[in-house]
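Reading through the C-alpha cells given below for one structure.
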Amino acid sequence: VIDLTSLASKETNVPRFYRVLGQDQYYYYYNPCIGFDIAGGACMGAAACQEWYMQFNTIGYAQLDKASFQYDDTRQQYYIYYQGATDSFAINGRVTKVYLKCVNTDDNPKLIVEGDTAEQHIYVMTLEHRAACRIPGSAGSAGISISIGTYMCIGFLVVLILYIGIGIAYMKFRKGAEGKEMFPNYSLWSELPGLVKDGVDFLREKITGFNSRSDVKYEQM
C-alpha cells in the first residue's frame, strides 16, 4: 500500500504542484488523490494538467475509474496511471504516468516532470517523497510482502527435499538399498511415531497420574 493523501492539496483550485516546468518546456500541474479545477474549467476534476501556450489540457483525471496503481518492470518502480482527455490533437486520449520514488530523508515532496518528450501524448513525471514508500507489511500491486516465518518455512522445505533426494540417491547407488530401505535413516524415522506416542503417554501419566499402558515401565534417572 502506498498512501499519498498527505500530499494532496484540499483546495479545488490550487493543486499541490503548481506550474512545474517540464523537460519538454511546458508547464504542468499535479495533485495526488484529489481533483482540482483551474483555468476557468479548462482543467476540471483533474489530477494532472498541462499548460500549452496559454491553453490547458487535462492529461489525467482524478476519478477512481480513470486512475490505477501499476508496476514498471523496466524501471522497477510503482507508478500511477491516469487517463486524460481526448481531443483533436490526441484522438486516442492523453495519458499521465506518475512514478513514485521512495525518499525517506526528504520532507519536501519533489515533482520531476519529463513531460511528453516522445510526443505521443504520454506524460511522464516522478514524485519523490517519503509518502511514496510502501507501508511495511502491506500488499502491493505487484506482489505481497513475505514475513521471516514464511522464509523459514520455505528454507525448511528446501532442506527437507534435498535431504530426502540426496539420501535416496546415496542409499541406492552407494549402499545398494532397495524399496523402503532407500529412504535415508529409515529405521530412525519408522520408529519416530512410536517414540512420540510413548512420550505423549508418559507426559499424560505425569500430569493425570493415569497409566494407560501398565506394561510400560520407565527407569528412574
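Residues in the C-alpha cells are named by chain (A, B, ... in the order shown) and by number from 1 within that chain; ligands are numbered from 1 in the order shown.
If you count only C-alpha atoms and ignore residues fewer than 4 places along the chain from region 9-24 of chain A, what sits within 6 Å of it is Tyr28, Tyr29, Tyr30, Asn31, Phe36, Asp37, Ile38, Val113, Glu114, Gly115 and Thr117 of chain A.
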Would you save the residues of that selection, restricted to N, CA, C and O atoms, as a compact mmCIF listing (two decimals), in the first residue's frame?
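out_11.txt, freshly written:
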```txt
# COMPACT_ATOMS: atom_id res chain seq x y z
N TYR A 28 3.28 22.18 -15.96
CA TYR A 28 2.39 21.11 -15.50
C TYR A 28 1.89 21.39 -14.08
O TYR A 28 2.57 22.01 -13.27
N TYR A 29 0.68 20.86 -13.84
CA TYR A 29 0.03 20.96 -12.54
C TYR A 29 -0.34 19.54 -12.12
O TYR A 29 -0.81 18.74 -12.94
N TYR A 30 -0.15 19.24 -10.84
CA TYR A 30 -0.46 17.88 -10.38
C TYR A 30 -0.90 17.91 -8.93
O TYR A 30 -0.32 18.62 -8.10
N ASN A 31 -1.92 17.12 -8.63
CA ASN A 31 -2.41 16.97 -7.27
C ASN A 31 -2.81 15.51 -7.06
O ASN A 31 -3.74 15.03 -7.70
N PHE A 36 -8.71 18.77 -9.09
CA PHE A 36 -8.69 20.23 -8.98
C PHE A 36 -9.26 20.84 -10.26
O PHE A 36 -9.32 20.20 -11.32
N ASP A 37 -9.68 22.12 -10.15
CA ASP A 37 -10.22 22.87 -11.28
C ASP A 37 -9.40 24.15 -11.44
O ASP A 37 -9.25 24.91 -10.47
N ILE A 38 -8.88 24.39 -12.63
CA ILE A 38 -8.15 25.63 -12.89
C ILE A 38 -8.48 26.13 -14.29
O ILE A 38 -9.15 25.43 -15.07
N VAL A 113 9.29 16.53 -13.80
CA VAL A 113 8.43 16.31 -14.97
C VAL A 113 9.28 16.14 -16.23
O VAL A 113 10.00 17.04 -16.63
N GLU A 114 9.19 14.96 -16.80
CA GLU A 114 9.81 14.74 -18.11
C GLU A 114 8.90 15.27 -19.21
O GLU A 114 9.36 15.75 -20.24
N GLY A 115 7.60 15.14 -18.97
CA GLY A 115 6.63 15.60 -19.95
C GLY A 115 6.44 14.62 -21.08
O GLY A 115 6.72 13.42 -20.96
N THR A 117 8.06 13.89 -23.89
CA THR A 117 9.29 14.02 -24.69
C THR A 117 9.23 13.24 -25.99
O THR A 117 9.89 13.59 -26.97
```
Practice problem: Determine which residues of region 17-172 of chain A receive a DSSP assignment of alpha helix (DSSP H), computed from the backbone, and state them as a ChimeraX atom specification. | Solution: /A:148-172
Quiz item: What lies within 9 Å of Ala47 (chain A) using only C-alpha atoms, ignoring chain neighbours under 3 positions off, as a list in words?
Solution: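 Here the qualifying residues turn out to be Pro15, Tyr29, Tyr30, Asn31, Pro32, Cys33, Ile34, Gly35, Phe36, Met44, Thr58, Ile59, Gly60, Tyr61, Ala62, Gln63 and Tyr82 of chain A.
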Quiz item: Of the candidates A:Pro184, A:Met125, A:Tyr27, A:Ile80, which shows the shortest atom-to-atom distance to Leu160 (chain A), using only C-alpha atoms?
Solution: A:Pro184
Exercise. Would you return as a ChimeraX atom specification the members of region 4-88 of chain A that DSSP assigns to strand (DSSP E or B) on this structure's backbone?
Key: /A:17-21,27-30,36-38,43-52,55-61,67-72,77-83
Exercise. Could you give me, as a list of chain:residue names, the residues within 12 Å of Lys172 (chain A), counting only C-alpha atoms and dropping anything in the same chain fewer than 5 positions from it?
Key: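 The filter keeps A:Gly165, A:Ile166, A:Gly167, A:Ala177, A:Glu178, A:Gly179, A:Lys180, A:Glu181, A:Met182, A:Phe183, A:Pro184.
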Quiz item: Hey, what's within 7 Å of Lys101 (chain A) if we count only C-alpha atoms and toss same-chain stuff fewer than 6 positions away? As JSON, numbers by chain, please?
Solution: {"A": [126, 127, 128, 129, 132]}
